[in-house]
file my_file03.cif (mmCIF, C-alpha atoms (C1' of nucleotides))
data_run
loop_
_atom_site.label_atom_id
_atom_site.label_comp_id
_atom_site.auth_asym_id
_atom_site.auth_seq_id
_atom_site.Cartn_x
_atom_site.Cartn_y
_atom_site.Cartn_z
CA MET A 424 45.22 -59.94 -42.81
CA ASN A 425 44.38 -59.26 -39.18
CA TYR A 426 40.63 -59.02 -39.13
CA LEU A 427 40.30 -57.42 -35.71
CA GLU A 428 42.91 -54.76 -36.45
CA ILE A 429 41.18 -53.85 -39.69
CA ASN A 430 37.83 -53.71 -37.99
CA LYS A 431 39.13 -51.22 -35.46
CA VAL A 432 40.54 -49.05 -38.19
CA LEU A 433 37.19 -49.11 -39.96
CA SER A 434 35.29 -48.14 -36.80
CA ASN A 435 35.76 -44.51 -37.69
CA GLN A 436 33.76 -42.59 -40.25
CA ALA A 437 36.67 -40.51 -41.51
CA ARG A 438 38.74 -43.58 -42.30
CA VAL A 439 35.84 -45.34 -43.98
CA ASN A 440 35.38 -42.21 -46.08
CA ILE A 441 38.98 -42.36 -47.22
CA LEU A 442 38.53 -45.92 -48.41
CA GLN A 443 35.30 -45.08 -50.19
CA TRP A 444 36.65 -41.92 -51.85
CA LEU A 445 39.64 -43.81 -53.17
CA LYS A 446 37.32 -46.15 -55.06
CA ALA A 447 36.80 -43.34 -57.56
CA PRO A 448 39.57 -40.76 -57.12
CA ASP A 449 38.65 -38.87 -60.28
CA GLU A 450 35.12 -38.29 -58.98
CA ASN A 451 36.21 -37.24 -55.50
CA PHE A 452 39.42 -35.29 -55.98
CA PRO A 453 40.78 -32.68 -58.34
CA PRO A 454 43.53 -33.86 -60.70
CA HIS A 455 46.93 -33.44 -59.14
CA VAL A 456 49.05 -30.60 -60.45
CA ASP A 457 52.17 -32.66 -61.05
CA LEU A 458 50.93 -36.09 -62.00
CA GLY A 459 47.62 -35.66 -63.83
CA HIS A 460 46.61 -39.26 -63.17
CA PHE A 461 45.48 -41.38 -60.22
CA LYS A 462 47.44 -44.57 -60.82
CA ASP A 463 49.12 -44.24 -57.44
CA GLY A 464 46.04 -42.82 -55.76
CA VAL A 465 45.66 -39.43 -54.17
CA CYS A 466 48.17 -37.34 -52.24
CA ALA A 467 47.73 -36.93 -48.51
CA GLN A 468 47.02 -33.24 -48.71
CA TYR A 469 43.93 -33.59 -50.92
CA ILE A 470 42.55 -36.19 -48.57
CA GLN A 471 43.25 -33.91 -45.63
CA VAL A 472 41.44 -30.96 -47.18
CA LYS A 473 38.39 -33.07 -48.04
CA LEU A 474 38.25 -34.59 -44.56
CA LYS A 475 38.53 -31.22 -42.84
CA LEU A 476 40.74 -32.62 -40.12
CA SER A 477 44.19 -31.45 -39.11
CA GLN A 478 47.22 -32.48 -41.14
CA SER A 479 48.65 -34.50 -38.27
CA THR A 480 45.42 -36.40 -37.71
CA VAL A 481 45.04 -37.34 -41.34
CA SER A 482 48.66 -38.37 -41.63
CA HIS A 483 48.15 -40.56 -38.60
CA TYR A 484 45.01 -42.12 -40.06
CA LEU A 485 46.70 -42.83 -43.37
CA SER A 486 49.64 -44.50 -41.74
CA MET A 487 47.48 -46.72 -39.57
CA MET A 488 45.45 -47.72 -42.61
CA GLU A 489 48.69 -48.55 -44.35
CA LYS A 490 49.90 -50.51 -41.35
CA VAL A 491 46.92 -52.89 -41.42
CA GLY A 492 47.25 -53.26 -45.17
CA LEU A 493 44.29 -51.21 -46.36
CA LEU A 494 46.30 -48.61 -48.26
CA ILE A 495 49.46 -48.59 -50.34
CA PRO A 496 51.64 -45.46 -50.28
CA THR A 497 53.81 -44.26 -53.16
CA ARG A 498 56.19 -41.39 -52.83
CA HIS A 499 56.59 -38.90 -55.69
CA GLY A 500 59.03 -36.23 -54.63
CA LYS A 501 57.60 -34.51 -51.61
CA TRP A 502 54.15 -35.98 -52.10
CA THR A 503 52.93 -39.29 -50.77
CA TYR A 504 50.09 -40.84 -52.74
CA TYR A 505 47.78 -43.39 -51.24
CA ARG A 506 45.69 -45.97 -53.08
CA ARG A 507 43.52 -48.85 -51.95
CA ASN A 508 45.01 -52.28 -51.36
CA GLU A 509 42.28 -54.33 -52.99
CA LYS A 510 43.89 -57.58 -51.95
CA THR A 511 43.47 -56.91 -48.25
CA ILE A 512 40.02 -55.42 -48.66
CA LYS A 513 38.88 -58.49 -50.56
CA ALA A 514 40.40 -60.81 -47.97
CA TYR A 515 38.73 -58.88 -45.18
CA ILE A 516 35.28 -59.13 -46.74
CA HIS A 517 35.83 -62.78 -47.52
CA PHE A 518 36.76 -63.43 -43.92
CA LEU A 519 33.57 -61.77 -42.74
CA ARG A 520 31.45 -63.76 -45.19
CA MET A 521 32.97 -66.99 -43.99
CA ASN A 522 33.26 -66.36 -40.27
CA LEU A 523 30.62 -63.94 -39.21
CA MET B 696 21.35 -51.29 -39.82
CA ASN B 697 23.94 -48.78 -38.66
CA TYR B 698 27.16 -49.96 -40.16
CA LEU B 699 29.52 -47.92 -38.01
CA GLU B 700 27.82 -48.95 -34.77
CA ILE B 701 28.03 -52.61 -35.73
CA ASN B 702 31.66 -52.25 -36.69
CA LYS B 703 32.50 -50.84 -33.28
CA VAL B 704 30.74 -53.69 -31.57
CA LEU B 705 32.68 -56.17 -33.68
CA SER B 706 36.02 -54.54 -32.88
CA ASN B 707 36.32 -56.78 -29.86
CA GLN B 708 37.39 -60.39 -29.89
CA ALA B 709 35.02 -61.50 -27.14
CA ARG B 710 32.00 -60.15 -28.97
CA VAL B 711 33.07 -61.66 -32.26
CA ASN B 712 33.45 -64.97 -30.45
CA ILE B 713 29.89 -64.77 -29.22
CA LEU B 714 28.61 -64.30 -32.75
CA GLN B 715 30.72 -67.17 -34.04
CA TRP B 716 29.82 -69.56 -31.25
CA LEU B 717 26.14 -68.91 -31.80
CA LYS B 718 26.46 -70.16 -35.38
CA ALA B 719 26.59 -73.69 -33.96
CA PRO B 720 25.28 -73.63 -30.38
CA ASP B 721 25.15 -77.41 -30.12
CA GLU B 722 28.87 -77.65 -30.90
CA ASN B 723 29.90 -74.88 -28.54
CA PHE B 724 27.59 -75.17 -25.54
CA PRO B 725 26.14 -77.91 -23.37
CA PRO B 726 22.41 -78.49 -23.77
CA HIS B 727 20.46 -76.30 -21.42
CA VAL B 728 18.93 -78.05 -18.38
CA ASP B 729 15.43 -76.68 -18.83
CA LEU B 730 14.98 -76.33 -22.55
CA GLY B 731 16.97 -79.10 -24.23
CA HIS B 732 17.07 -77.22 -27.54
CA PHE B 733 18.72 -74.15 -29.00
CA LYS B 734 15.85 -72.61 -30.95
CA ASP B 735 16.14 -69.42 -28.95
CA GLY B 736 19.91 -69.60 -28.71
CA VAL B 737 22.02 -69.88 -25.59
CA CYS B 738 21.47 -68.43 -22.15
CA ALA B 739 23.70 -65.62 -20.96
CA GLN B 740 25.31 -67.67 -18.25
CA TYR B 741 26.73 -70.30 -20.59
CA ILE B 742 28.19 -67.59 -22.76
CA GLN B 743 29.66 -65.92 -19.72
CA VAL B 744 31.36 -69.09 -18.51
CA LYS B 745 32.85 -69.80 -21.92
CA LEU B 746 34.10 -66.24 -22.30
CA LYS B 747 35.72 -66.22 -18.85
CA LEU B 748 34.72 -62.63 -18.25
CA SER B 749 32.69 -61.25 -15.38
CA GLN B 750 28.91 -61.58 -15.38
CA SER B 751 28.44 -57.82 -15.62
CA THR B 752 30.81 -57.47 -18.56
CA VAL B 753 29.14 -60.23 -20.55
CA SER B 754 25.67 -58.91 -19.79
CA HIS B 755 26.83 -55.54 -21.01
CA TYR B 756 28.28 -57.01 -24.21
CA LEU B 757 25.13 -58.97 -24.94
CA SER B 758 22.91 -55.96 -24.51
CA MET B 759 25.06 -53.80 -26.77
CA MET B 760 25.02 -56.53 -29.40
CA GLU B 761 21.26 -56.62 -29.10
CA LYS B 762 21.05 -52.85 -29.34
CA VAL B 763 22.75 -52.75 -32.75
CA GLY B 764 20.62 -55.65 -33.95
CA LEU B 765 23.17 -58.47 -33.95
CA LEU B 766 21.40 -60.61 -31.35
CA ILE B 767 17.81 -61.41 -30.45
CA PRO B 768 16.99 -62.10 -26.79
CA THR B 769 14.23 -64.39 -25.59
CA ARG B 770 13.28 -64.66 -21.96
CA HIS B 771 12.37 -68.04 -20.50
CA GLY B 772 11.67 -67.61 -16.81
CA LYS B 773 14.79 -66.28 -15.19
CA TRP B 774 16.98 -67.11 -18.17
CA THR B 775 17.59 -64.87 -21.14
CA TYR B 776 18.55 -66.70 -24.30
CA TYR B 777 20.38 -65.00 -27.11
CA ARG B 778 20.49 -66.02 -30.76
CA ARG B 779 21.93 -64.45 -33.88
CA ASN B 780 19.92 -61.97 -35.88
CA GLU B 781 20.80 -63.25 -39.34
CA LYS B 782 18.94 -60.43 -41.03
CA THR B 783 21.20 -57.74 -39.62
CA ILE B 784 24.34 -59.82 -40.09
CA LYS B 785 23.47 -60.38 -43.74
CA ALA B 786 22.69 -56.70 -44.25
CA TYR B 787 25.97 -55.72 -42.63
CA ILE B 788 28.04 -57.97 -44.87
CA HIS B 789 26.10 -56.83 -47.89
CA PHE B 790 26.80 -53.23 -47.01
CA LEU B 791 30.50 -53.94 -46.76
CA ARG B 792 30.54 -55.75 -50.10
CA MET B 793 28.84 -52.82 -51.77
CA ASN B 794 30.52 -49.90 -50.06
CA LEU B 795 33.96 -50.90 -48.99
"C1'" DT C 1080 73.40 -24.29 -48.57
"C1'" DC C 1081 69.13 -21.88 -47.61
"C1'" DT C 1082 64.15 -21.69 -48.17
"C1'" DA C 1083 59.76 -23.55 -48.96
"C1'" DC C 1084 56.62 -27.11 -48.94
"C1'" DA C 1085 54.52 -32.02 -48.02
"C1'" DT C 1086 54.48 -35.33 -44.79
"C1'" DA C 1087 55.60 -37.73 -40.42
"C1'" DT C 1088 56.20 -37.91 -35.53
"C1'" DC C 1089 55.72 -36.12 -30.65
"C1'" DG C 1090 53.28 -34.73 -26.62
"C1'" DA C 1091 49.00 -33.64 -24.59
"C1'" DG C 1092 44.00 -33.04 -23.38
"C1'" DG C 1093 39.40 -34.76 -23.70
"C1'" DT C 1094 36.42 -38.54 -24.59
"C1'" DA C 1095 35.28 -43.44 -25.20
"C1'" DT C 1096 35.96 -48.35 -24.20
"C1'" DG C 1097 37.14 -52.58 -21.31
"C1'" DT C 1098 36.38 -54.59 -17.32
"C1'" DC C 1099 35.33 -55.18 -12.66
"C1'" DG C 1100 32.70 -55.63 -8.01
"C1'" DA C 1101 28.56 -54.15 -5.85
"C1'" DT C 1102 23.88 -53.57 -6.07
"C1'" DA C 1103 19.18 -53.68 -8.22
"C1'" DT C 1104 15.54 -56.10 -10.81
"C1'" DG C 1105 12.73 -59.88 -12.07
"C1'" DA C 1106 11.32 -64.76 -11.85
"C1'" DT C 1107 10.79 -69.39 -9.33
"C1'" DG C 1108 9.64 -72.26 -5.79
"C1'" DT C 1109 8.64 -72.76 -0.64
"C1'" DA D 26 6.34 -63.03 1.96
"C1'" DC D 27 10.95 -64.92 1.58
"C1'" DA D 28 15.09 -67.04 -0.19
"C1'" DT D 29 17.41 -68.13 -4.32
"C1'" DC D 30 19.07 -67.77 -8.78
"C1'" DA D 31 19.81 -65.38 -13.56
"C1'" DT D 32 20.28 -61.15 -15.44
"C1'" DA D 33 20.65 -56.09 -15.67
"C1'" DT D 34 22.34 -51.77 -14.15
"C1'" DC D 35 25.53 -48.65 -11.54
"C1'" DG D 36 29.72 -46.50 -10.33
"C1'" DA D 37 34.71 -46.69 -10.86
"C1'" DC D 38 39.27 -47.05 -12.68
"C1'" DA D 39 42.71 -48.30 -16.21
"C1'" DT D 40 43.61 -48.27 -20.87
"C1'" DA D 41 42.77 -46.90 -25.62
"C1'" DC D 42 41.22 -43.64 -29.16
"C1'" DC D 43 40.37 -38.88 -31.23
"C1'" DT D 44 42.25 -34.88 -32.33
"C1'" DC D 45 45.09 -31.04 -32.02
"C1'" DG D 46 49.30 -27.80 -32.31
"C1'" DA D 47 54.22 -27.95 -32.34
"C1'" DT D 48 58.19 -29.82 -34.09
"C1'" DA D 49 61.05 -32.96 -36.99
"C1'" DT D 50 62.15 -35.15 -41.43
"C1'" DG D 51 62.63 -35.41 -46.25
"C1'" DT D 52 62.52 -33.40 -50.94
"C1'" DA D 53 62.90 -29.75 -54.62
"C1'" DG D 54 64.46 -25.62 -56.37
"C1'" DA D 55 67.09 -20.98 -56.02
#
call {"tool": "encode", "arguments": {"input": "my_file03.cif", "output": "structure tokens"}}
result
Amino acid sequence: MNYLEINKVLSNQARVNILQWLKAPDENFPPHVDLGHFKDGVCAQYIQVKLKLSQSTVSHYLSMMEKVGLLIPTRHGKWTYYRRNEKTIKAYIHFLRMNL
Amino acid sequence: MNYLEINKVLSNQARVNILQWLKAPDENFPPHVDLGHFKDGVCAQYIQVKLKLSQSTVSHYLSMMEKVGLLIPTRHGKWTYYRRNEKTIKAYIHFLRMNL
DNA sequence: TCTACATATCGAGGTATGTCGATATGATGT
DNA sequence: ACATCATATCGACATACCTCGATATGTAGA
């Protein structure tokens, strides 16, 4: 858990939105055609549409969030689903509570 | 309390250090010649020396930390002392705990 | 194997941030 | 008023970030 790296990633409204939306996928996204559940999160495309940013930008954001441990990707066929990594998020907040 | 602004400010190791050092000024700084106490925090110069960054950079950092409500400045003659603004820091952490 | 689709990566332009030295401001003591 | 010291502000330049369109990669189905 690299606190500074995570902080940089969360210094952007779009990326914070992603994390917040994924707290309640069923309230923020339509059910996915193929899967019908949100166990593995939400596919990149739905996130991209909701963010109203280009596909390449959103893909980039998702992969940097994954890189610092905020998201966990799961591939289903051609779709990549992303869900929150609660472990890292909890550790991050704990670090702030202790050190800030 | 603007969460995103604060996050940007805290995406920098030097500025995080300032906040951490000011948690225990007596452990991190020599007693100030004129005042002999830390009620109003630590003067900019001591922070600058410890950070090993230029005077202008540190002054800039301190004023941006003040601007987002993380620090409170107090002027004593030609010295400006900075201390933590616990209210904002608490609100920031609370926001993260609720929204992240 | 060819096509279609979801995602990832590349390259690029504009904007923001990090950091500095130089200069300005404000306060103290002579 | 003047010299001195602490701090603040002003350019300036290098590096990083935001965001895009174009292209590449990987997967599924005809």
call {"tool": "interface_residues", "arguments": {"input": "my_file03.cif", "of": "chain D", "to": "chain B", "cutoff": "10 Å", "atoms": "all atoms listed in the file", "output": "number ranges by chain"}}
result
D: 30-34
call {"tool": "closest_residue", "arguments": {"input": "my_file03.cif", "among": "A:Val491, A:Leu485, A:Ile516, A:Arg507", "to": "chain C", "atoms": "all atoms listed in the file"}}
result
A:Leu485
call {"tool": "resolve_selection", "arguments": {"input": "my_file03.cif", "expression": "the PyMOL selection byres ((chain B) within 6 of (chain A))", "output": "list in words"}}
result
Leu699, Asn702, Lys703 and Ser706 of chain B
call {"tool": "closest_atom_pairs", "arguments": {"input": "my_file03.cif", "of": "chain C", "to": "chain A", "cutoff": "9 Å", "atoms": "all atoms listed in the file", "output": "CSV"}}
result
residue,atom,partner,partner_atom,distance
C:DC1084,C1',A:Lys501,CA,7.9
C:DA1085,C1',A:Lys501,CA,5.3
C:DT1086,C1',A:Ser482,CA,7.3
C:DA1087,C1',A:Ser482,CA,7.1
C:DT1088,C1',A:Ser479,CA,8.7
call {"tool": "resolve_selection", "arguments": {"input": "my_file03.cif", "expression": "the PyMOL selection byres ((chain C and resi 1096) around 9)", "output": "list of chain:residue names"}}
result
C:DA1095, C:DG1097, D:DT40, D:DA41, D:DC42
call {"tool": "atom_distance", "arguments": {"input": "my_file03.cif", "atom1": "CA of Leu765 in chain B", "atom2": "CA of Gly492 in chain A"}}
result
27.1 Å
call {"tool": "residues_around", "arguments": {"input": "my_file03.cif", "residues": "Tyr504 in chain A", "least_positions_apart": "5", "cutoff": "6 Å", "atoms": "all atoms listed in the file", "output": "list in words"}}
result
Asp463, Gly464, Val465, Cys466, Pro496 and Thr497 of chain A
call {"tool": "residues_around", "arguments": {"input": "my_file03.cif", "residues": "DA28 in chain D", "least_positions_apart": "6", "cutoff": "12 Å", "atoms": "all atoms listed in the file", "output": "list in words"}}
result
DT1107, DG1108 and DT1109 of chain C
call {"tool": "build_atoms", "arguments": {"input": "my_file03.cif", "residues": "range 734-755 of chain B", "atoms": "N, CA, C and O atoms", "output": "PDB file, in the coordinates of the input"}}
result
ATOM      1  N   LYS B 734      16.637 -73.446 -30.023  1.00  0.00           N
ATOM      2  CA  LYS B 734      15.850 -72.610 -30.950  1.00  0.00           C
ATOM      3  C   LYS B 734      15.956 -71.133 -30.623  1.00  0.00           C
ATOM      4  O   LYS B 734      15.936 -70.293 -31.500  1.00  0.00           O
ATOM      5  N   ASP B 735      16.034 -70.823 -29.344  1.00  0.00           N
ATOM      6  CA  ASP B 735      16.140 -69.420 -28.950  1.00  0.00           C
ATOM      7  C   ASP B 735      17.575 -69.039 -28.609  1.00  0.00           C
ATOM      8  O   ASP B 735      17.820 -67.988 -28.041  1.00  0.00           O
ATOM      9  N   GLY B 736      18.515 -69.915 -28.941  1.00  0.00           N
ATOM     10  CA  GLY B 736      19.910 -69.600 -28.710  1.00  0.00           C
ATOM     11  C   GLY B 736      20.428 -70.169 -27.411  1.00  0.00           C
ATOM     12  O   GLY B 736      20.036 -71.260 -26.994  1.00  0.00           O
ATOM     13  N   VAL B 737      21.305 -69.415 -26.766  1.00  0.00           N
ATOM     14  CA  VAL B 737      22.020 -69.880 -25.590  1.00  0.00           C
ATOM     15  C   VAL B 737      21.820 -68.879 -24.466  1.00  0.00           C
ATOM     16  O   VAL B 737      21.779 -67.670 -24.724  1.00  0.00           O
ATOM     17  N   CYS B 738      21.694 -69.363 -23.257  1.00  0.00           N
ATOM     18  CA  CYS B 738      21.470 -68.430 -22.150  1.00  0.00           C
ATOM     19  C   CYS B 738      22.755 -67.703 -21.788  1.00  0.00           C
ATOM     20  O   CYS B 738      23.865 -68.198 -22.004  1.00  0.00           O
ATOM     21  N   ALA B 739      22.579 -66.513 -21.228  1.00  0.00           N
ATOM     22  CA  ALA B 739      23.700 -65.620 -20.960  1.00  0.00           C
ATOM     23  C   ALA B 739      24.779 -66.277 -20.113  1.00  0.00           C
ATOM     24  O   ALA B 739      25.971 -66.068 -20.341  1.00  0.00           O
ATOM     25  N   GLN B 740      24.347 -67.081 -19.181  1.00  0.00           N
ATOM     26  CA  GLN B 740      25.310 -67.670 -18.250  1.00  0.00           C
ATOM     27  C   GLN B 740      26.319 -68.584 -18.961  1.00  0.00           C
ATOM     28  O   GLN B 740      27.511 -68.545 -18.669  1.00  0.00           O
ATOM     29  N   TYR B 741      25.828 -69.392 -19.879  1.00  0.00           N
ATOM     30  CA  TYR B 741      26.730 -70.300 -20.590  1.00  0.00           C
ATOM     31  C   TYR B 741      27.751 -69.517 -21.403  1.00  0.00           C
ATOM     32  O   TYR B 741      28.925 -69.883 -21.478  1.00  0.00           O
ATOM     33  N   ILE B 742      27.287 -68.441 -21.985  1.00  0.00           N
ATOM     34  CA  ILE B 742      28.190 -67.590 -22.760  1.00  0.00           C
ATOM     35  C   ILE B 742      29.231 -66.970 -21.844  1.00  0.00           C
ATOM     36  O   ILE B 742      30.414 -66.912 -22.166  1.00  0.00           O
ATOM     37  N   GLN B 743      28.758 -66.552 -20.673  1.00  0.00           N
ATOM     38  CA  GLN B 743      29.660 -65.920 -19.720  1.00  0.00           C
ATOM     39  C   GLN B 743      30.758 -66.881 -19.279  1.00  0.00           C
ATOM     40  O   GLN B 743      31.936 -66.530 -19.248  1.00  0.00           O
ATOM     41  N   VAL B 744      30.385 -68.088 -18.967  1.00  0.00           N
ATOM     42  CA  VAL B 744      31.360 -69.090 -18.510  1.00  0.00           C
ATOM     43  C   VAL B 744      32.403 -69.351 -19.584  1.00  0.00           C
ATOM     44  O   VAL B 744      33.600 -69.371 -19.313  1.00  0.00           O
ATOM     45  N   LYS B 745      31.937 -69.502 -20.820  1.00  0.00           N
ATOM     46  CA  LYS B 745      32.850 -69.800 -21.920  1.00  0.00           C
ATOM     47  C   LYS B 745      33.784 -68.631 -22.197  1.00  0.00           C
ATOM     48  O   LYS B 745      34.953 -68.829 -22.532  1.00  0.00           O
ATOM     49  N   LEU B 746      33.281 -67.419 -22.022  1.00  0.00           N
ATOM     50  CA  LEU B 746      34.100 -66.240 -22.300  1.00  0.00           C
ATOM     51  C   LEU B 746      35.117 -65.983 -21.184  1.00  0.00           C
ATOM     52  O   LEU B 746      36.116 -65.309 -21.392  1.00  0.00           O
ATOM     53  N   LYS B 747      34.836 -66.468 -19.995  1.00  0.00           N
ATOM     54  CA  LYS B 747      35.720 -66.220 -18.850  1.00  0.00           C
ATOM     55  C   LYS B 747      35.866 -64.733 -18.553  1.00  0.00           C
ATOM     56  O   LYS B 747      36.961 -64.249 -18.262  1.00  0.00           O
ATOM     57  N   LEU B 748      34.751 -64.037 -18.659  1.00  0.00           N
ATOM     58  CA  LEU B 748      34.720 -62.630 -18.250  1.00  0.00           C
ATOM     59  C   LEU B 748      33.643 -62.515 -17.189  1.00  0.00           C
ATOM     60  O   LEU B 748      32.816 -63.415 -17.028  1.00  0.00           O
ATOM     61  N   SER B 749      33.634 -61.389 -16.483  1.00  0.00           N
ATOM     62  CA  SER B 749      32.690 -61.250 -15.380  1.00  0.00           C
ATOM     63  C   SER B 749      31.249 -61.223 -15.898  1.00  0.00           C
ATOM     64  O   SER B 749      30.983 -60.881 -17.057  1.00  0.00           O
ATOM     65  N   GLN B 750      30.333 -61.558 -15.019  1.00  0.00           N
ATOM     66  CA  GLN B 750      28.910 -61.580 -15.380  1.00  0.00           C
ATOM     67  C   GLN B 750      28.466 -60.210 -15.900  1.00  0.00           C
ATOM     68  O   GLN B 750      27.756 -60.117 -16.905  1.00  0.00           O
ATOM     69  N   SER B 751      28.895 -59.149 -15.218  1.00  0.00           N
ATOM     70  CA  SER B 751      28.440 -57.820 -15.620  1.00  0.00           C
ATOM     71  C   SER B 751      28.977 -57.437 -16.995  1.00  0.00           C
ATOM     72  O   SER B 751      28.264 -56.841 -17.803  1.00  0.00           O
ATOM     73  N   THR B 752      30.227 -57.795 -17.249  1.00  0.00           N
ATOM     74  CA  THR B 752      30.810 -57.470 -18.560  1.00  0.00           C
ATOM     75  C   THR B 752      30.057 -58.175 -19.679  1.00  0.00           C
ATOM     76  O   THR B 752      29.677 -57.557 -20.676  1.00  0.00           O
ATOM     77  N   VAL B 753      29.798 -59.473 -19.497  1.00  0.00           N
ATOM     78  CA  VAL B 753      29.140 -60.230 -20.550  1.00  0.00           C
ATOM     79  C   VAL B 753      27.714 -59.736 -20.763  1.00  0.00           C
ATOM     80  O   VAL B 753      27.253 -59.583 -21.896  1.00  0.00           O
ATOM     81  N   SER B 754      27.029 -59.448 -19.671  1.00  0.00           N
ATOM     82  CA  SER B 754      25.670 -58.910 -19.790  1.00  0.00           C
ATOM     83  C   SER B 754      25.687 -57.611 -20.586  1.00  0.00           C
ATOM     84  O   SER B 754      24.829 -57.375 -21.443  1.00  0.00           O
ATOM     85  N   HIS B 755      26.658 -56.799 -20.291  1.00  0.00           N
ATOM     86  CA  HIS B 755      26.830 -55.540 -21.010  1.00  0.00           C
ATOM     87  C   HIS B 755      27.074 -55.778 -22.502  1.00  0.00           C
ATOM     88  O   HIS B 755      26.446 -55.153 -23.356  1.00  0.00           O
TER      89      HIS B 755
END
